[in-house]
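Structure file work.txt with compact mmCIF, C-alpha atoms and all ligand atoms:
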# COMPACT_ATOMS: atom_id res chain seq x y z
CA MET A 22 83.30 94.35 66.05
CA THR A 23 82.85 91.13 68.05
CA LYS A 24 79.48 91.47 69.72
CA ILE A 25 78.11 89.82 72.85
CA ASP A 26 75.32 87.66 71.38
CA GLN A 27 74.05 85.52 74.22
CA ILE A 28 74.63 84.98 77.95
CA GLU A 29 73.40 81.85 79.74
CA THR A 30 73.52 80.96 83.43
CA MET A 31 73.24 77.61 85.16
CA ILE A 32 73.39 76.47 88.80
CA LEU A 33 75.57 73.45 89.60
CA ASP A 34 75.31 71.52 92.89
CA ILE A 35 78.43 69.42 93.51
CA PRO A 36 78.93 67.26 96.63
CA THR A 37 82.01 67.85 98.80
CA ILE A 38 84.38 64.99 99.67
CA ARG A 39 83.52 65.34 103.39
CA GLY A 40 81.52 67.66 105.58
CA HIS A 41 83.30 71.05 105.70
CA VAL A 42 82.56 72.49 109.14
CA LEU A 43 82.75 76.28 109.33
CA SER A 44 81.68 78.55 112.20
CA MET A 45 78.48 79.50 110.37
CA ALA A 46 77.59 76.41 108.32
CA THR A 47 78.52 72.83 107.51
CA MET A 48 78.92 72.30 103.79
CA ARG A 49 78.15 68.96 102.15
CA THR A 50 77.55 70.43 98.73
CA GLN A 51 79.07 73.38 96.93
CA THR A 52 76.90 75.38 94.57
CA ALA A 53 78.37 77.30 91.65
CA VAL A 54 76.74 79.63 89.14
CA LEU A 55 78.14 79.03 85.69
CA VAL A 56 78.05 81.78 83.05
CA THR A 57 78.54 81.15 79.33
CA ILE A 58 78.90 84.08 76.95
CA ARG A 59 78.60 83.49 73.19
CA PHE A 60 80.16 86.11 70.93
CA SER A 61 79.29 86.99 67.32
CA ASP A 62 82.53 85.49 65.91
CA GLY A 63 81.70 82.09 67.44
CA SER A 64 84.04 82.45 70.42
CA VAL A 65 82.77 81.48 73.87
CA GLY A 66 83.78 82.69 77.34
CA ILE A 67 83.01 80.92 80.61
CA GLY A 68 82.81 82.30 84.14
CA GLU A 69 81.77 81.26 87.65
CA GLY A 70 80.21 82.97 90.66
CA THR A 71 80.32 81.02 93.90
CA THR A 72 79.69 81.71 97.56
CA ILE A 73 79.84 79.53 100.68
CA GLY A 74 77.01 78.05 102.76
CA GLY A 75 73.99 79.66 101.07
CA LEU A 76 73.40 83.04 102.70
CA SER A 77 75.35 82.24 105.87
CA TYR A 78 78.70 83.66 104.69
CA GLY A 79 77.72 86.81 102.84
CA PRO A 80 74.87 88.77 101.27
CA GLU A 81 74.75 86.84 97.97
CA SER A 82 73.28 83.37 97.46
CA PRO A 83 73.65 81.17 94.36
CA GLU A 84 70.05 82.02 93.46
CA SER A 85 70.57 85.78 93.88
CA ILE A 86 73.78 85.62 91.84
CA ARG A 87 71.92 83.95 89.00
CA SER A 88 68.96 86.30 89.14
CA ALA A 89 71.14 89.45 89.32
CA ILE A 90 72.91 88.28 86.17
CA ASP A 91 69.81 87.17 84.25
CA THR A 92 67.61 90.12 85.20
CA TYR A 93 69.96 93.10 85.38
CA ILE A 94 73.36 92.35 83.82
CA VAL A 95 72.48 90.33 80.71
CA PRO A 96 70.09 92.91 79.14
CA ALA A 97 72.75 95.64 79.54
CA LEU A 98 75.48 93.62 77.84
CA ILE A 99 73.75 92.01 74.85
CA GLY A 100 74.90 93.64 71.61
CA ARG A 101 77.91 95.40 73.19
CA ASN A 102 81.48 95.09 71.93
CA GLY A 103 82.81 91.91 73.55
CA ASP A 104 86.39 93.22 73.58
CA ASP A 105 85.43 96.22 75.72
CA VAL A 106 85.78 94.55 79.11
CA ASN A 107 86.49 97.77 81.01
CA GLY A 108 83.42 99.41 79.43
CA ALA A 109 81.29 96.45 80.56
CA ILE A 110 82.69 96.61 84.12
CA GLN A 111 81.96 100.33 84.35
CA LEU A 112 78.45 99.97 82.95
CA ILE A 113 77.59 97.09 85.30
CA ASP A 114 78.93 99.06 88.28
CA LYS A 115 76.52 101.89 87.39
CA LEU A 116 73.53 99.59 86.97
CA VAL A 117 74.10 97.13 89.81
CA LYS A 118 75.23 97.98 93.33
CA GLY A 119 76.94 95.31 95.40
CA ASN A 120 76.35 91.82 93.95
CA ARG A 121 80.09 91.45 93.55
CA ILE A 122 80.07 87.70 92.97
CA ALA A 123 77.49 88.04 90.19
CA LYS A 124 79.68 90.70 88.54
CA THR A 125 82.73 88.49 88.91
CA ALA A 126 81.10 85.55 87.14
CA VAL A 127 80.28 87.69 84.10
CA GLU A 128 83.63 89.47 84.09
CA ILE A 129 85.56 86.17 84.12
CA ALA A 130 83.60 85.05 81.04
CA LEU A 131 84.41 88.35 79.30
CA TRP A 132 88.15 88.04 80.04
CA ASP A 133 88.07 84.38 78.98
CA GLY A 134 86.43 85.26 75.66
CA LEU A 135 88.89 88.08 75.02
CA GLY A 136 91.90 85.92 75.88
CA LYS A 137 90.68 83.16 73.57
CA ARG A 138 90.12 85.58 70.68
CA LEU A 139 93.62 87.03 71.15
CA ASP A 140 95.03 83.53 71.76
CA VAL A 141 96.68 84.59 75.03
CA PRO A 142 96.14 83.59 78.67
CA VAL A 143 94.22 86.09 80.80
CA SER A 144 97.42 86.65 82.82
CA GLN A 145 98.80 88.33 79.67
CA LEU A 146 95.91 90.80 79.76
CA PHE A 147 97.09 91.75 83.27
CA GLY A 148 100.69 92.29 82.13
CA GLY A 149 101.95 88.70 82.12
CA ALA A 150 102.51 85.88 84.62
CA VAL A 151 105.58 86.07 86.83
CA HIS A 152 104.88 82.68 88.49
CA GLY A 153 104.09 79.30 86.94
CA ARG A 154 103.09 77.74 90.27
CA LEU A 155 102.06 79.05 93.66
CA PRO A 156 102.08 77.56 97.20
CA VAL A 157 98.64 76.25 98.14
CA ALA A 158 97.08 75.74 101.57
CA TRP A 159 94.47 73.13 102.55
CA THR A 160 91.65 73.70 105.00
CA LEU A 161 91.23 71.23 107.87
CA ALA A 162 87.55 71.41 108.77
CA SER A 163 86.24 67.90 109.37
CA GLY A 164 84.97 68.96 112.80
CA ASN A 165 87.17 66.39 114.56
CA SER A 166 90.79 66.90 115.73
CA ASP A 167 91.92 63.29 115.09
CA THR A 168 90.49 63.27 111.57
CA ASP A 169 92.15 66.64 110.90
CA ILE A 170 95.53 65.37 112.14
CA ALA A 171 95.31 62.25 109.95
CA GLU A 172 94.32 64.42 106.97
CA ALA A 173 97.21 66.84 107.59
CA GLN A 174 99.75 64.04 107.90
CA GLN A 175 98.56 62.46 104.67
CA MET A 176 98.79 65.82 102.87
CA ILE A 177 102.36 66.33 104.07
CA GLU A 178 103.41 62.77 103.14
CA THR A 179 101.99 63.05 99.64
CA ARG A 180 103.58 66.52 99.27
CA ARG A 181 100.20 68.07 98.44
CA HIS A 182 100.01 70.70 101.20
CA ASN A 183 102.19 71.94 104.03
CA ILE A 184 100.11 75.00 104.88
CA PHE A 185 96.93 74.33 106.85
CA LYS A 186 94.07 76.64 107.63
CA LEU A 187 91.88 75.39 110.48
CA LYS A 188 88.29 76.47 110.59
CA ILE A 189 87.36 77.46 114.13
CA GLY A 190 84.77 79.64 115.89
CA LYS A 191 82.00 77.09 116.31
CA ARG A 192 83.12 75.78 119.69
CA SER A 193 84.28 77.72 122.77
CA VAL A 194 87.52 79.70 122.48
CA ARG A 195 89.19 77.37 124.97
CA GLU A 196 88.21 74.24 122.98
CA ASP A 197 89.28 75.86 119.73
CA VAL A 198 92.69 76.83 121.07
CA ALA A 199 93.20 73.26 122.39
CA HIS A 200 92.22 71.86 118.97
CA VAL A 201 94.70 74.13 117.16
CA ALA A 202 97.47 73.35 119.68
CA ARG A 203 96.98 69.57 119.15
CA ILE A 204 97.23 69.91 115.39
CA LYS A 205 100.27 72.19 115.54
CA GLN A 206 101.97 69.76 117.91
CA ALA A 207 101.23 66.86 115.55
CA VAL A 208 102.64 68.54 112.42
CA GLY A 209 105.46 70.45 114.14
CA ASP A 210 107.76 72.40 111.84
CA ALA A 211 106.65 70.38 108.81
CA ALA A 212 103.71 72.73 108.26
CA SER A 213 102.41 76.23 108.79
CA VAL A 214 99.20 76.34 110.85
CA ARG A 215 96.71 79.19 110.54
CA VAL A 216 93.07 79.64 111.53
CA ASP A 217 89.94 81.22 110.12
CA VAL A 218 87.29 82.28 112.65
CA ASN A 219 84.86 83.54 110.00
CA THR A 220 83.77 86.50 112.24
CA ALA A 221 82.55 84.29 115.13
CA TRP A 222 84.35 86.02 118.03
CA SER A 223 83.62 89.13 120.08
CA LEU A 224 86.62 91.38 120.79
CA GLN A 225 86.84 89.86 124.28
CA ASP A 226 86.85 86.29 122.88
CA ALA A 227 89.44 87.35 120.34
CA ARG A 228 91.84 88.72 122.98
CA TRP A 229 91.92 85.30 124.71
CA GLY A 230 91.88 83.52 121.38
CA LEU A 231 94.85 85.36 119.87
CA LYS A 232 96.87 84.97 123.05
CA GLY A 233 96.27 81.19 123.10
CA LEU A 234 96.76 80.73 119.36
CA GLN A 235 100.02 82.63 119.45
CA GLU A 236 101.31 80.47 122.30
CA ALA A 237 100.29 77.34 120.37
CA GLY A 238 102.50 78.32 117.41
CA CYS A 239 99.68 79.35 115.08
CA GLU A 240 100.99 81.94 112.60
CA LEU A 241 97.90 83.77 111.42
CA VAL A 242 94.29 84.42 112.38
CA GLU A 243 91.77 85.28 109.68
CA GLN A 244 88.78 87.55 110.35
CA PRO A 245 88.39 86.84 114.09
CA VAL A 246 85.62 89.43 114.58
CA PRO A 247 82.75 90.70 112.39
CA ALA A 248 83.63 92.50 109.18
CA ARG A 249 82.43 95.92 110.31
CA TYR A 250 84.48 95.90 113.56
CA ARG A 251 87.41 97.86 112.12
CA ARG A 252 88.56 99.19 115.50
CA ALA A 253 88.57 95.73 117.06
CA MET A 254 90.55 94.40 114.09
CA ALA A 255 93.00 97.31 114.51
CA GLU A 256 93.42 96.60 118.24
CA LEU A 257 94.10 92.92 117.56
CA THR A 258 96.49 93.70 114.70
CA GLN A 259 98.53 96.00 116.90
CA GLY A 260 98.22 94.03 120.14
CA TYR A 261 99.65 90.66 119.11
CA GLU A 262 102.56 89.26 117.11
CA ILE A 263 100.34 86.70 115.35
CA ALA A 264 99.35 88.03 111.91
CA VAL A 265 95.75 89.22 111.53
CA MET A 266 94.18 88.73 108.12
CA ALA A 267 91.11 90.54 106.76
CA ASP A 268 88.69 88.46 104.69
CA GLU A 269 84.98 89.27 105.14
CA ALA A 270 86.01 92.92 105.75
CA LEU A 271 87.35 93.21 102.20
CA ASN A 272 84.63 93.80 99.66
CA GLY A 273 86.46 95.65 96.93
CA PRO A 274 89.00 98.46 96.74
CA GLU A 275 87.10 100.95 98.94
CA ASP A 276 87.16 98.47 101.85
CA ALA A 277 90.81 97.72 101.13
CA LEU A 278 91.64 101.40 101.49
CA SER A 279 89.69 101.79 104.74
CA VAL A 280 91.17 98.61 106.30
CA ALA A 281 94.67 99.71 105.29
CA ASN A 282 94.08 103.25 106.63
CA ALA A 283 92.77 101.91 109.95
CA ARG A 284 95.74 99.48 110.14
CA ALA A 285 93.04 96.89 110.76
CA ALA A 286 94.99 93.94 109.28
CA ASP A 287 98.51 92.69 108.61
CA VAL A 288 97.40 90.64 105.61
CA PHE A 289 94.72 90.89 102.91
CA ALA A 290 92.93 87.68 101.84
CA VAL A 291 92.17 88.73 98.30
CA LYS A 292 89.22 86.90 96.77
CA ILE A 293 88.24 87.59 93.19
CA GLY A 294 84.53 87.05 93.91
CA GLN A 295 84.41 89.18 97.04
CA SER A 296 86.40 91.93 95.33
CA GLY A 297 83.93 92.13 92.44
CA GLY A 298 86.05 90.56 89.69
CA LEU A 299 89.63 90.25 88.50
CA LYS A 300 89.96 93.97 87.81
CA ARG A 301 88.71 95.05 91.24
CA ALA A 302 90.82 92.30 92.88
CA SER A 303 93.87 93.74 91.12
CA GLU A 304 92.99 97.10 92.72
CA VAL A 305 92.68 95.49 96.17
CA ILE A 306 96.11 93.93 95.58
CA ALA A 307 97.58 97.31 94.59
CA ILE A 308 96.24 98.95 97.76
CA GLY A 309 97.62 96.14 99.91
CA GLN A 310 101.01 96.45 98.22
CA ALA A 311 101.08 100.24 98.62
CA ALA A 312 100.20 99.89 102.33
CA GLY A 313 102.99 97.38 102.87
CA LEU A 314 100.58 94.57 103.84
CA GLY A 315 101.05 90.86 103.21
CA LEU A 316 98.94 89.29 100.46
CA TYR A 317 97.17 85.93 100.30
CA ALA A 318 95.06 84.56 97.45
CA GLY A 319 91.75 83.52 99.03
CA THR A 320 88.97 81.30 97.73
CA MET A 321 85.22 80.95 97.96
CA LEU A 322 85.76 77.22 97.45
CA GLU A 323 85.13 77.61 93.76
CA THR A 324 85.33 74.89 91.12
CA GLY A 325 88.31 74.56 88.78
CA LEU A 326 86.80 77.23 86.55
CA SER A 327 86.99 80.19 88.92
CA THR A 328 90.15 78.75 90.45
CA ALA A 329 91.78 78.91 86.99
CA ALA A 330 90.62 82.52 86.62
CA ALA A 331 92.04 83.44 90.03
CA LEU A 332 95.34 81.77 89.15
CA GLN A 333 95.57 83.90 86.01
CA LEU A 334 95.47 87.05 88.13
CA PHE A 335 97.56 85.89 91.10
CA SER A 336 100.29 84.56 88.78
CA THR A 337 100.95 88.22 87.87
CA VAL A 338 101.49 89.38 91.48
CA GLU A 339 105.10 89.87 92.52
CA THR A 340 104.85 88.65 96.12
CA LEU A 341 102.14 86.61 97.81
CA ALA A 342 103.83 86.46 101.20
CA TRP A 343 101.20 84.07 102.59
CA GLY A 344 100.66 81.99 99.42
CA THR A 345 97.24 80.87 98.24
CA GLU A 346 94.31 78.65 99.24
CA LEU A 347 93.19 78.01 95.68
CA PHE A 348 92.31 74.38 96.42
CA GLY A 349 88.52 74.56 95.75
CA PRO A 350 88.36 71.75 93.15
CA LEU A 351 90.04 69.34 95.59
CA LEU A 352 87.15 69.69 98.05
CA LEU A 353 84.64 68.54 95.43
CA THR A 354 83.90 64.91 94.61
CA GLU A 355 84.39 65.69 90.93
CA ASP A 356 86.18 68.35 88.95
CA ILE A 357 84.03 69.94 86.26
CA LEU A 358 87.02 70.69 84.02
CA ALA A 359 88.01 68.47 81.11
CA GLU A 360 91.61 68.79 82.32
CA PRO A 361 91.80 69.28 86.08
CA ILE A 362 94.10 71.85 87.64
CA VAL A 363 97.38 70.26 88.74
CA TYR A 364 98.39 70.18 92.43
CA ARG A 365 101.84 68.86 93.30
CA ASP A 366 104.88 69.60 95.44
CA PHE A 367 102.84 71.80 97.78
CA CYS A 368 101.90 74.05 94.88
CA VAL A 369 99.09 74.68 92.41
CA GLU A 370 100.12 75.12 88.79
CA VAL A 371 98.87 78.05 86.75
CA PRO A 372 96.93 76.62 83.78
CA ASN A 373 98.31 77.29 80.33
CA GLY A 374 96.29 77.94 77.23
CA PRO A 375 94.25 80.87 75.98
CA GLY A 376 91.70 82.65 78.17
CA ILE A 377 91.51 81.37 81.73
CA GLY A 378 93.03 78.09 80.54
CA ALA A 379 90.03 75.93 81.45
CA ALA A 380 87.55 73.85 79.42
CA LEU A 381 84.41 72.29 80.87
CA ASP A 382 83.49 68.60 80.83
CA PRO A 383 79.98 68.75 79.27
CA ASP A 384 78.77 65.46 80.81
CA LYS A 385 79.66 66.62 84.30
CA ILE A 386 78.03 70.00 83.73
CA ALA A 387 74.79 68.29 82.66
CA PHE A 388 74.96 65.88 85.61
CA PHE A 389 75.49 68.53 88.31
CA SER A 390 73.14 71.11 86.79
CA ARG A 391 70.21 71.91 89.07
CA ASP A 392 68.00 72.15 85.96
CA THR A 393 68.90 68.95 84.10
CA GLY A 394 70.77 66.93 86.71
CA LYS A 395 67.73 65.61 88.62
CA THR A 396 66.44 63.70 85.62
CA MET A 397 69.91 62.34 84.81
CA LYS A 398 70.52 61.26 88.43
CA ALA A 399 67.12 59.57 88.60
CA ALA A 400 67.83 57.74 85.31
CA ALA A 401 71.26 56.64 86.64
CA GLY A 402 69.70 55.53 89.93
CA ALA A 403 71.94 57.96 91.84
C1 LIG B 1 86.90 81.63 103.91
O1 LIG B 1 86.24 82.19 104.76
O2 LIG B 1 88.05 81.98 103.77
C2 LIG B 1 88.24 79.38 102.27
C3 LIG B 1 88.75 78.17 102.53
C4 LIG B 1 87.78 77.46 103.23
O3 LIG B 1 87.85 76.33 103.65
O4 LIG B 1 86.68 78.22 103.40
C5 LIG B 1 86.94 79.41 102.78
C6 LIG B 1 86.23 80.62 103.06
MG MG B 2 88.00 83.42 105.43

Take the structure in this file and express it as structure tokens.
Amino acid sequence: MTKIDQIETMILDIPTIRGHVLSMATMRTQTAVLVTIRFSDGSVGIGEGTTIGGLSYGPESPESIRSAIDTYIVPALIGRNGDDVNGAIQLIDKLVKGNRIAKTAVEIALWDGLGKRLDVPVSQLFGGAVHGRLPVAWTLASGNSDTDIAEAQQMIETRRHNIFKLKIGKRSVREDVAHVARIKQAVGDAASVRVDVNTAWSLQDARWGLKGLQEAGCELVEQPVPARYRRAMAELTQGYEIAVMADEALNGPEDALSVANARAADVFAVKIGQSGGLKRASEVIAIGQAAGLGLYAGTMLETGLSTAAALQLFSTVETLAWGTELFGPLLLTEDILAEPIVYRDFCVEVPNGPGIGAALDPDKIAFFSRDTGKTMKAAAGA
């Protein structure tokens, strides 16, 4: 039996290429929790748990993710059979409520280790990839319409992205609609324009917002109202042609079932971290498919590591009607992978190789580590 010998966690702070202005926070750094599992046969699995904007997006912070893993998950897993991923998921679910991102980080490392030992990609463990590449959106969130337009035009010219998600909800509804209309007018039919309100609107705001967005040619609105406002989401879904996507409302399969039952979305943004891991995300996907909803592969702006893991799962899904936003590594000043994920021709490529198909660059890990990085940065005069 291949046993789980050791589990280590580390916090990485990586600067973003520009300020990323969301309704609830402006990000200049992204923080990832890295998990490394060492198995008794010498194999190693890596995983990542990442959220957005400290505690402003959701109930887990990088520090709580790390402490949930170190204090409650690690002691339960040491000495267990490393190949028994389902057994580990079930045990952790009994011992730890919520904390879905922490669970995801550990689960990714378990799948990665298993895939490496079997010499197959993790997609194979989910029945096999049916896509080698997937369409990938970019988020325009500089906080300035002219900068966003220039960024969008450059992305289209270089054939990197032709799907744009605009982060709105910080300004007034009227200003936001004008901002979206300007960008849609600038890109025309060359790109799909969507927005993410990150729960900032009341139902009343959202009625005006959806009307204006629809008239401006915006195709989709993500989580316009707070996550628990199922009835408001249902009213908006049924009241407008523009597609309504659930994001913050979807924390695992139980939420997926209740959102689908309430017809409180047209589209599911499926995030592996928010779902509670690859397995639970696959259940969210199954519920969305059974309910006839559109699917979209969401991100928590993770590094290449978790992005690779997400790609393993989403490459197995028959139809992602709204594509993906698995662009996290591109928002960071440096990729922490030895071989970065490839973005070209408006798509992201599914990494090959065993496990999640990602290897870390040890120098970058040491540099961005919250524990060791300070000394290295001081020595380098950074
Ligand atoms: C979110 O709420 O969807 C995804 C892309 C982005 O820019 O922020 C996120 C989080
Ligand atoms: Mg969102």

Which residues of chain A have any atom within 9 Å of an atom in ligand MG 2 (chain B) when counting all atoms listed in the file, and what is the closest pair of atoms for each, with the distance in Å to one decimal? Order the rows by chain and rising number and write it as a Markdown table.
| residue | atom | partner | partner_atom | distance |
| --- | --- | --- | --- | --- |
| A:Lys188 | CA | B:MG2 | MG | 8.7 |
| A:Val216 | CA | B:MG2 | MG | 8.8 |
| A:Asp217 | CA | B:MG2 | MG | 5.5 |
| A:Val218 | CA | B:MG2 | MG | 7.3 |
| A:Asn219 | CA | B:MG2 | MG | 5.5 |
| A:Thr220 | CA | B:MG2 | MG | 8.6 |
| A:Glu243 | CA | B:MG2 | MG | 6.0 |
| A:Gln244 | CA | B:MG2 | MG | 6.5 |
| A:Met266 | CA | B:MG2 | MG | 8.6 |
| A:Ala267 | CA | B:MG2 | MG | 7.9 |
| A:Asp268 | CA | B:MG2 | MG | 5.1 |
| A:Glu269 | CA | B:MG2 | MG | 6.6 |
| A:Ala290 | CA | B:MG2 | MG | 7.4 |
| A:Gly319 | CA | B:MG2 | MG | 7.4 |
| A:Thr320 | CA | B:MG2 | MG | 8.0 |
| A:Met321 | CA | B:MG2 | MG | 8.3 |

Given 5 Å on each side, where is the centre and what are the edge lengths in Å to one decimal of the axis-aligned box enclosing the listed atoms of ligand LIG 1 (chain B), as lines of an AutoDock Vina configuration file?
center_x = 87.5
center_y = 79.3
center_z = 103.5
size_x = 12.5
size_y = 15.9
size_z = 12.5

Legend entry - Spatial neighbours of Asp392 (chain A), max dist 8 Å, only C-alpha atoms, sep filter under 2 positions, as a list of chain:residue names: A:Met31, A:Ile32, A:Ser390, A:Gly394, A:Lys395

Inset, instruction - Have a look at CA of Glu370 (chain A) and CA of Asn272 (chain A) and let me know their distance in Å, one decimal. - result: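 These two atoms are separated by 26.6 Å.
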
Inset, instruction - Extract, using all atoms listed in the file, all DNA, RNA and protein residues at most 8 Å from Asp104 (chain A), discarding same-chain residues fewer than 4 positions from it, and format them as a VMD selection string. - result: chain A and resid 23 131 135

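Candidate residues A:Leu234, A:Ile184, A:Leu55, A:Leu139 were compared for distance to Pro156 (chain A), and the nearest is A:Ile184, using only C-alpha atoms.
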
Legend entry - Minimum-distance residue to ligand LIG 1 (chain B), chosen among A:Arg59, A:Lys186, A:Lys115, A:Lys300 (using only C-alpha atoms and all ligand atoms):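 Nearest to ligand LIG 1 (chain B): A:Lys186.
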
Inset, instruction - Using all atoms listed in the file, find the one residue out of A:Asp114, A:Asp34, A:Glu128, A:Asp384 that sits nearest to Glu84 (chain A). - result: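 Residue with the minimum atom-to-atom distance to Glu84 (chain A): A:Asp34.
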
Legend entry - Point-to-point distance in Å for CA of Thr71 (chain A) and CA of Glu323 (chain A): 5.9 Å

Legend entry - A:Glu256, A:Asp210, A:Glu178, A:Glu275 ranked by distance to Asp287 (chain A), top pick (using only C-alpha atoms):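 For Asp287 (chain A), the nearest of the given residues is A:Glu256.
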
Inset, instruction - Work out how far apart CA of Leu322 (chain A) and CA of Gly79 (chain A) are and give it in Å to one decimal. - result: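 Result for CA of Leu322 (chain A) versus CA of Gly79 (chain A): 13.6 Å, one decimal.
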
Legend entry - Who sits within 6 Å of region 68-70 of chain A, only C-alpha atoms, same chain under 2 positions skipped, as a list in words: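 Contacts, in chain order: Val54, Leu55, Val56, Ile122, Ala123, Ala126, Val127, Ile129, Ala130 and Ser327 of chain A.
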
Inset, instruction - For Val363 (chain A), list every protein, DNA or RNA residue within 12 Å, evaluated using only C-alpha atoms, and leave out those in the same chain fewer than 5 positions away; present the list as an MDAnalysis selection string. - result: chainID A and resid 153:155 157 181 325 328:329 332 347:348 350:351 356 358 368:373 379
